[in-house]
Amino acid sequence: MAKLRGTGIAAVNYPTGMNLGGDPSQALIHATTTGTFMISLASTDLGQGLKTVLAQIGAETLGLPFENVLINTGDTDTGPHCMGTFASRATHRVGNAIIMAAEEARKVMMEVAADELEVSPDDLETDGQGNILVKGSPDRSINIVDLALAAHFKYGKTISGRGIYMKPKSDVDPETGKMDPDSTEAHACSVADVEVDTETGEVTVLSLKSAYEGGRQVNPALVKGQIRGGSFMSVSHALYETTAPYYPAPDHSPGSFSEYVIPGPYEAPEIESVVLEYPSVNGPYGAKGVGEMTANSGIPAIINAVSNAIGVRLTEYPVTPEKVLHALEESPNATSH
Amino acid sequence: MTSKIVNFNLNGRDVEVMAKPLTTLQTVLREQLHYTATKAGCKQGGCGSCTVLVNGEPMASCLLPVEDVVGQQITTLEGLTPAEGLHPIQEAFFENYAIQCGYCSPGMIMVIKALLDRNPQPTREEIIEAIAGNLCRCTGYEPIIEAAQDAARRLNDG
């Protein structure tokens with residue numbers, strides 16, 4: 001009996017979004033009378049901070065402060081269409097839809113400002129602080145509150161915009177097999193160090209070191225949150241959790257948290273990550289999707305590390321103590337223990 | 001079965017409710033008194049999202065019949081939150097990105113409150129031991145551990 005150590009590596013390409021008959025999301029934007037821009041969506045924030053990231057994108061395109069943008073994710077009966085928050089698609093798809101909607105609204109905003117300041121819209125710029133200024137004459141300006149009031153009550157105009165982003169469905173070319181299923185690809189690579197107890201079959205992840213390339217980070221703090229949670233989730237998928245432990249047999253399928261095995265803070269390894277930014281050509285301000293892939297490279301890296309430790313190739317996960325002990329017993333090539 | 005009148009102290013205020021035998025404290029808090037910070041995650045005592053303090057001790061309110069808390073002091077997250085601003089533990093959660101979906105947060109904050117009340121300078125291991133009965137599926141726990149350490153600093157400095 002021994003405690004064996006091993007190291008594993010794995011890398012993934014992560015395609016943003018999906019290819020099931022087109023993958024659209026819509027955004028509608030309108031200004032209130034006092035210059036707050038409401039962006040209506042059906043794209044749910046799961047807690048990862050989507051509303052924050054989308055408000056940042058809207059504010060950037062409008063040229064207004066973050067505080068001037070509100071995200072209303074409403075409900076699916078009343079909101080504009082969204083395929084959903086999954087496949088790391090929301091920042092990319094919805095962000096692009098918001099840019100399109102905000103550009104249309106910005107055009108009206110600049111037209112109203114031009115009327116108020118008696119100049120051409122081409123001579124105006126935003127300062128990012130809530131003012132629209134005449135280029136070269138910053139003393140001639142109008143605040144967004146006054147501008148929105150004028151639009152509503154003087155000119156009878158809505159400052160509004162419509163946006164949609166759709167990745168068209170890509171069919172497979174029957175001759176070559178060629179297709180274009182995704183819009184942009186993010187990348188991840190993980191290296192895991194594990195220790196395997198050959199008596200109990202238990203695996204301990206000692207460390208998980210990863211590099212993630214997710215395009216430009218709209219909000220680095222939220223990206224970090226996705227990475228920390230996702231890396232931990234890779235430990236959970238690699239070693240613990242499953243709804244069908246003896247798939248396809250339904251035996252011992254868990255029915256409650258007391259039976260569904262997931263790791264807790266005791267099982268958290270040392271997690272170290274670095275982020276690389278290679279902006280996407282079609283992402284909003286260069287963003288790709290970062291959420292889902294943060295769990296994807298860690299899983300094979302951990303399982304490769306277990307294989308490296310015990311000298312047996314493992315091809316099913318989660319790698320439970322039972323599977324480790326079976327692998328050690330059944331393989332003549334197993335490291336002696 | 002016949003309902004009974006049950007009295008207890010909730011967040012410093014005496015309350016009186018009518019409840020059938022074996023109605024849980026969680027159900028009374030959420031559905032009768034509309035104190036919804038206390039979450040209903042699994043209703044089996046397995047996730048910790050329903051944690052409240054009973055006389056300062058963290059307990060799973062989903063397993064606690066309300067008639068067992070007659071005359072006791074119950075504290076929920078609502079009782080921790082000041083009228084203006086946030087409690088230092090809440091501030092620490094906010095500043096350390098220890099909240100994503102938020103479902104575990106009230107329970108986590110209550111166990112950390114109980115920990116820091118009896119042990120103002122806990123070690124990392126003591127923090128992990130305190131939160132081990134509370135599940136989080138978003139953060140990977142590390143931000144929550146950091147928030148607990150930060151909360152201890154804030155409370156000790158304050």
# chains A, B, ... in the order shown; residues from 1 in each chain; ligands from 1
$ interface_residues --of "chain B" --to "chain A" --cutoff "10 Å" --atoms "only C-alpha atoms" --output "JSON, numbers by chain"
{"B": [41, 42, 43, 44, 45, 46, 47, 96, 97, 98, 99, 100, 101, 102, 103, 125, 127, 128, 129, 131, 132, 133, 134, 135, 136, 137, 138, 139, 140, 141, 142, 143, 144, 145]}
$ residues_around --residues "A:Val69" --least-positions-apart "3" --cutoff "10 Å" --atoms "only C-alpha atoms" --output "ChimeraX atom specification"
/A:29-31,35-39,52,54-59,62,64-66,72
$ residues_around --residues "stretch 184-190 of chain A" --least-positions-apart "4" --cutoff "7 Å" --atoms "only C-alpha atoms" --output "list in words"
Ile9, Ala10, Ala11, Val12, Asn13, Tyr14, Pro15, Thr16, Leu208, Lys209, Ser210, Ala211, Tyr212, Glu213, Gly214, Gly215, Ser280, Lys288, Gly289, Met293, Ser297, Gly298 and Ala301 of chain A
$ write_last_selection --atoms "all heavy atoms" --output "short mmCIF file (atom, residue, chain, number, x, y, z; two decimals), in the first residue's frame"
data_model
loop_
_atom_site.label_atom_id
_atom_site.label_comp_id
_atom_site.auth_asym_id
_atom_site.auth_seq_id
_atom_site.Cartn_x
_atom_site.Cartn_y
_atom_site.Cartn_z
N ILE A 9 -1.92 16.60 -17.75
CA ILE A 9 -2.12 17.85 -18.49
C ILE A 9 -3.26 17.66 -19.47
O ILE A 9 -3.47 16.54 -19.96
CB ILE A 9 -0.81 18.29 -19.19
CG1 ILE A 9 -0.97 19.65 -19.88
CG2 ILE A 9 -0.33 17.24 -20.19
CD1 ILE A 9 0.34 20.27 -20.31
N ALA A 10 -3.99 18.72 -19.75
CA ALA A 10 -5.04 18.66 -20.76
C ALA A 10 -5.30 20.07 -21.27
O ALA A 10 -5.13 21.05 -20.54
CB ALA A 10 -6.32 18.08 -20.18
N ALA A 11 -5.69 20.15 -22.54
CA ALA A 11 -6.01 21.45 -23.14
C ALA A 11 -7.31 21.35 -23.91
O ALA A 11 -7.65 20.28 -24.42
CB ALA A 11 -4.89 21.90 -24.07
N VAL A 12 -8.05 22.43 -23.96
CA VAL A 12 -9.32 22.44 -24.70
C VAL A 12 -9.43 23.69 -25.58
O VAL A 12 -8.90 24.74 -25.25
CB VAL A 12 -10.56 22.41 -23.76
CG1 VAL A 12 -10.57 21.13 -22.92
CG2 VAL A 12 -10.64 23.64 -22.88
N ASN A 13 -10.14 23.50 -26.71
CA ASN A 13 -10.67 24.64 -27.46
C ASN A 13 -12.13 24.74 -27.05
O ASN A 13 -12.83 23.73 -27.06
CB ASN A 13 -10.64 24.40 -28.97
CG ASN A 13 -9.23 24.47 -29.51
OD1 ASN A 13 -8.36 25.10 -28.92
ND2 ASN A 13 -9.02 23.82 -30.63
N TYR A 14 -12.59 25.92 -26.72
CA TYR A 14 -13.99 26.05 -26.33
C TYR A 14 -14.76 26.92 -27.31
O TYR A 14 -14.54 28.12 -27.40
CB TYR A 14 -14.13 26.61 -24.90
CG TYR A 14 -15.56 26.47 -24.48
CD1 TYR A 14 -16.02 25.29 -23.93
CD2 TYR A 14 -16.48 27.47 -24.76
CE1 TYR A 14 -17.36 25.12 -23.64
CE2 TYR A 14 -17.82 27.30 -24.47
CZ TYR A 14 -18.26 26.13 -23.91
OH TYR A 14 -19.58 25.96 -23.64
N PRO A 15 -15.68 26.30 -28.08
CA PRO A 15 -16.47 27.08 -29.03
C PRO A 15 -17.61 27.82 -28.33
O PRO A 15 -18.36 27.24 -27.56
CB PRO A 15 -17.02 26.02 -29.97
CG PRO A 15 -17.10 24.78 -29.14
CD PRO A 15 -16.03 24.88 -28.10
N THR A 16 -17.74 29.12 -28.60
CA THR A 16 -18.80 29.92 -27.99
C THR A 16 -20.11 29.70 -28.73
O THR A 16 -20.15 29.79 -29.94
CB THR A 16 -18.40 31.41 -28.05
OG1 THR A 16 -17.22 31.58 -27.27
CG2 THR A 16 -19.49 32.29 -27.49
N LEU A 208 -4.00 22.53 -8.95
CA LEU A 208 -4.56 22.64 -10.30
C LEU A 208 -4.10 23.99 -10.85
O LEU A 208 -4.51 25.04 -10.33
CB LEU A 208 -6.09 22.55 -10.24
CG LEU A 208 -6.84 22.48 -11.56
CD1 LEU A 208 -6.44 21.25 -12.36
CD2 LEU A 208 -8.34 22.47 -11.30
N LYS A 209 -3.23 23.93 -11.84
CA LYS A 209 -2.68 25.17 -12.40
C LYS A 209 -3.17 25.30 -13.84
O LYS A 209 -3.02 24.36 -14.64
CB LYS A 209 -1.16 25.13 -12.35
CG LYS A 209 -0.62 25.03 -10.92
CD LYS A 209 0.90 25.13 -10.90
CE LYS A 209 1.43 25.26 -9.48
NZ LYS A 209 1.40 24.02 -8.72
N SER A 210 -3.75 26.44 -14.16
CA SER A 210 -4.39 26.59 -15.48
C SER A 210 -4.05 27.92 -16.12
O SER A 210 -3.76 28.91 -15.44
CB SER A 210 -5.91 26.51 -15.33
OG SER A 210 -6.30 25.32 -14.69
N ALA A 211 -4.11 27.89 -17.46
CA ALA A 211 -4.05 29.12 -18.24
C ALA A 211 -5.33 29.19 -19.06
O ALA A 211 -5.75 28.20 -19.65
CB ALA A 211 -2.83 29.13 -19.15
N TYR A 212 -5.96 30.35 -19.05
CA TYR A 212 -7.22 30.53 -19.78
C TYR A 212 -7.06 31.69 -20.76
O TYR A 212 -6.55 32.75 -20.41
CB TYR A 212 -8.36 30.86 -18.82
CG TYR A 212 -8.65 29.74 -17.84
CD1 TYR A 212 -8.22 29.83 -16.53
CD2 TYR A 212 -9.34 28.60 -18.24
CE1 TYR A 212 -8.48 28.81 -15.63
CE2 TYR A 212 -9.60 27.57 -17.35
CZ TYR A 212 -9.16 27.68 -16.04
OH TYR A 212 -9.42 26.67 -15.16
N GLU A 213 -7.55 31.47 -21.97
CA GLU A 213 -7.55 32.52 -22.99
C GLU A 213 -9.00 32.72 -23.40
O GLU A 213 -9.58 31.87 -24.07
CB GLU A 213 -6.67 32.10 -24.17
CG GLU A 213 -6.42 33.22 -25.16
CD GLU A 213 -7.62 33.55 -26.01
OE1 GLU A 213 -8.04 32.70 -26.82
OE2 GLU A 213 -8.15 34.67 -25.87
N GLY A 214 -9.60 33.82 -22.96
CA GLY A 214 -11.02 34.04 -23.21
C GLY A 214 -11.32 35.32 -23.95
O GLY A 214 -12.35 35.94 -23.74
N GLY A 215 -10.38 35.74 -24.81
CA GLY A 215 -10.59 37.03 -25.48
C GLY A 215 -10.39 38.17 -24.50
O GLY A 215 -9.84 37.99 -23.41
N SER A 280 -11.25 38.52 -29.69
CA SER A 280 -11.99 37.90 -30.78
C SER A 280 -12.37 38.96 -31.81
O SER A 280 -12.76 40.07 -31.44
CB SER A 280 -13.26 37.25 -30.21
OG SER A 280 -14.18 37.00 -31.24
N LYS A 288 -14.74 36.82 -25.71
CA LYS A 288 -15.19 35.48 -26.07
C LYS A 288 -16.06 35.00 -24.90
O LYS A 288 -16.57 35.80 -24.14
CB LYS A 288 -13.99 34.55 -26.27
CG LYS A 288 -13.04 35.01 -27.36
CD LYS A 288 -11.85 34.06 -27.48
CE LYS A 288 -10.91 34.52 -28.59
NZ LYS A 288 -9.71 33.64 -28.68
N GLY A 289 -16.23 33.69 -24.76
CA GLY A 289 -16.95 33.15 -23.61
C GLY A 289 -15.98 32.47 -22.69
O GLY A 289 -15.10 31.73 -23.14
N MET A 293 -15.74 26.69 -20.05
CA MET A 293 -14.46 26.01 -20.28
C MET A 293 -13.58 25.97 -19.03
O MET A 293 -12.65 25.19 -18.97
CB MET A 293 -13.70 26.68 -21.41
CG MET A 293 -13.11 28.01 -21.03
SD MET A 293 -11.91 28.54 -22.25
CE MET A 293 -11.43 30.11 -21.56
N SER A 297 -11.01 21.92 -18.90
CA SER A 297 -9.63 21.42 -19.02
C SER A 297 -9.17 20.73 -17.74
O SER A 297 -8.35 19.82 -17.78
CB SER A 297 -8.68 22.57 -19.36
OG SER A 297 -8.77 23.61 -18.41
N GLY A 298 -9.74 21.11 -16.61
CA GLY A 298 -9.32 20.51 -15.34
C GLY A 298 -9.71 19.04 -15.24
O GLY A 298 -8.96 18.23 -14.66
N ALA A 301 -7.30 16.79 -17.11
CA ALA A 301 -5.97 16.94 -16.49
C ALA A 301 -5.89 16.12 -15.20
O ALA A 301 -4.89 15.44 -14.94
CB ALA A 301 -5.69 18.41 -16.21
#
$ select_by_dssp --residues "stretch 5-70 of chain A" --states "alpha helix (DSSP H)" --output "count of residues only"
13
$ select_by_dssp --residues "stretch 31-155 of chain B" --states "strand (DSSP E)" --output "PyMOL selection string"
chain B and resi 51-54+57-60+73-75
$ residues_around --residues "stretch 64-77 of chain B" --least-positions-apart "3" --cutoff "9 Å" --atoms "only C-alpha atoms" --output "ChimeraX atom specification"
/B:4-12,14,19,21-28,35,37-38,51-56,59-61,80-81,106-107,109-110
$ write_last_selection --atoms "N, CA and C atoms" --output "compact mmCIF listing (two decimals), in the first residue's frame"
# COMPACT_ATOMS: atom_id res chain seq x y z
N LYS B 4 -51.25 25.25 17.04
CA LYS B 4 -50.98 25.82 18.36
C LYS B 4 -50.35 27.19 18.20
N ILE B 5 -50.51 28.00 19.21
CA ILE B 5 -49.83 29.30 19.21
C ILE B 5 -48.39 29.08 19.68
N VAL B 6 -47.44 29.61 18.92
CA VAL B 6 -46.02 29.48 19.27
C VAL B 6 -45.42 30.88 19.38
N ASN B 7 -44.72 31.11 20.46
CA ASN B 7 -44.06 32.41 20.66
C ASN B 7 -42.54 32.21 20.65
N PHE B 8 -41.87 33.09 19.95
CA PHE B 8 -40.40 33.12 20.05
C PHE B 8 -39.93 34.53 19.72
N ASN B 9 -38.63 34.74 19.88
CA ASN B 9 -38.07 36.06 19.61
C ASN B 9 -37.33 36.02 18.29
N LEU B 10 -37.74 36.85 17.36
CA LEU B 10 -37.13 36.88 16.03
C LEU B 10 -36.41 38.21 15.84
N ASN B 11 -35.10 38.13 15.74
CA ASN B 11 -34.29 39.32 15.49
C ASN B 11 -34.58 40.44 16.50
N GLY B 12 -34.76 40.03 17.75
CA GLY B 12 -34.96 41.01 18.81
C GLY B 12 -36.41 41.42 19.03
N ASP B 14 -40.45 40.06 19.69
CA ASP B 14 -41.28 38.90 20.03
C ASP B 14 -42.32 38.67 18.94
N ALA B 19 -49.25 27.54 14.31
CA ALA B 19 -48.61 26.53 13.46
C ALA B 19 -49.08 25.14 13.86
N PRO B 21 -48.49 21.13 14.46
CA PRO B 21 -47.33 20.40 14.98
C PRO B 21 -46.39 19.97 13.86
N LEU B 22 -45.11 20.05 14.10
CA LEU B 22 -44.03 19.66 13.18
C LEU B 22 -43.85 20.61 12.00
N THR B 23 -44.57 21.73 12.00
CA THR B 23 -44.25 22.75 11.00
C THR B 23 -42.83 23.24 11.29
N THR B 24 -42.00 23.33 10.25
CA THR B 24 -40.61 23.71 10.51
C THR B 24 -40.49 25.22 10.70
N LEU B 25 -39.42 25.60 11.40
CA LEU B 25 -39.12 27.02 11.58
C LEU B 25 -38.94 27.68 10.21
N GLN B 26 -38.29 26.93 9.26
CA GLN B 26 -38.09 27.47 7.92
C GLN B 26 -39.42 27.87 7.28
N THR B 27 -40.41 27.00 7.35
CA THR B 27 -41.71 27.28 6.74
C THR B 27 -42.37 28.48 7.41
N VAL B 28 -42.27 28.54 8.73
CA VAL B 28 -42.88 29.67 9.45
C VAL B 28 -42.20 30.97 9.04
N TYR B 35 -40.02 36.18 5.98
CA TYR B 35 -38.59 36.43 6.13
C TYR B 35 -37.87 35.47 5.17
N ALA B 37 -34.93 35.68 3.52
CA ALA B 37 -33.47 35.53 3.41
C ALA B 37 -33.08 34.10 3.71
N THR B 38 -33.78 33.47 4.64
CA THR B 38 -33.55 32.07 4.97
C THR B 38 -34.04 31.23 3.79
N THR B 51 -29.77 27.97 7.19
CA THR B 51 -29.19 28.15 8.53
C THR B 51 -29.65 29.45 9.19
N VAL B 52 -30.13 29.32 10.42
CA VAL B 52 -30.43 30.49 11.27
C VAL B 52 -29.69 30.27 12.59
N LEU B 53 -29.63 31.31 13.39
CA LEU B 53 -29.02 31.16 14.71
C LEU B 53 -30.12 30.98 15.76
N VAL B 54 -29.99 29.94 16.57
CA VAL B 54 -30.89 29.73 17.69
C VAL B 54 -30.06 29.94 18.96
N ASN B 55 -30.36 31.01 19.66
CA ASN B 55 -29.55 31.44 20.81
C ASN B 55 -28.07 31.52 20.42
N GLY B 56 -27.82 31.97 19.21
CA GLY B 56 -26.44 32.17 18.74
C GLY B 56 -25.80 30.97 18.09
N MET B 59 -28.22 26.55 13.19
CA MET B 59 -29.03 25.34 13.05
C MET B 59 -29.76 25.37 11.72
N ALA B 60 -30.04 24.16 11.20
CA ALA B 60 -30.79 24.04 9.95
C ALA B 60 -32.28 24.21 10.26
N SER B 61 -32.84 25.34 9.83
CA SER B 61 -34.23 25.64 10.20
C SER B 61 -35.21 24.71 9.49
N LEU B 80 -29.38 40.55 11.02
CA LEU B 80 -27.98 40.96 10.98
C LEU B 80 -27.81 42.28 10.23
N THR B 81 -28.68 42.48 9.24
CA THR B 81 -28.53 43.60 8.31
C THR B 81 -28.99 44.89 8.97
N PRO B 106 -26.94 33.54 2.50
CA PRO B 106 -27.49 33.78 3.85
C PRO B 106 -27.04 32.73 4.86
N GLY B 107 -27.03 31.46 4.47
CA GLY B 107 -26.59 30.40 5.38
C GLY B 107 -25.12 30.52 5.71
N ILE B 109 -23.31 33.24 5.68
CA ILE B 109 -23.09 34.41 6.53
C ILE B 109 -23.50 34.10 7.97
N MET B 110 -24.56 33.33 8.15
CA MET B 110 -25.00 33.01 9.52
C MET B 110 -24.00 32.09 10.23
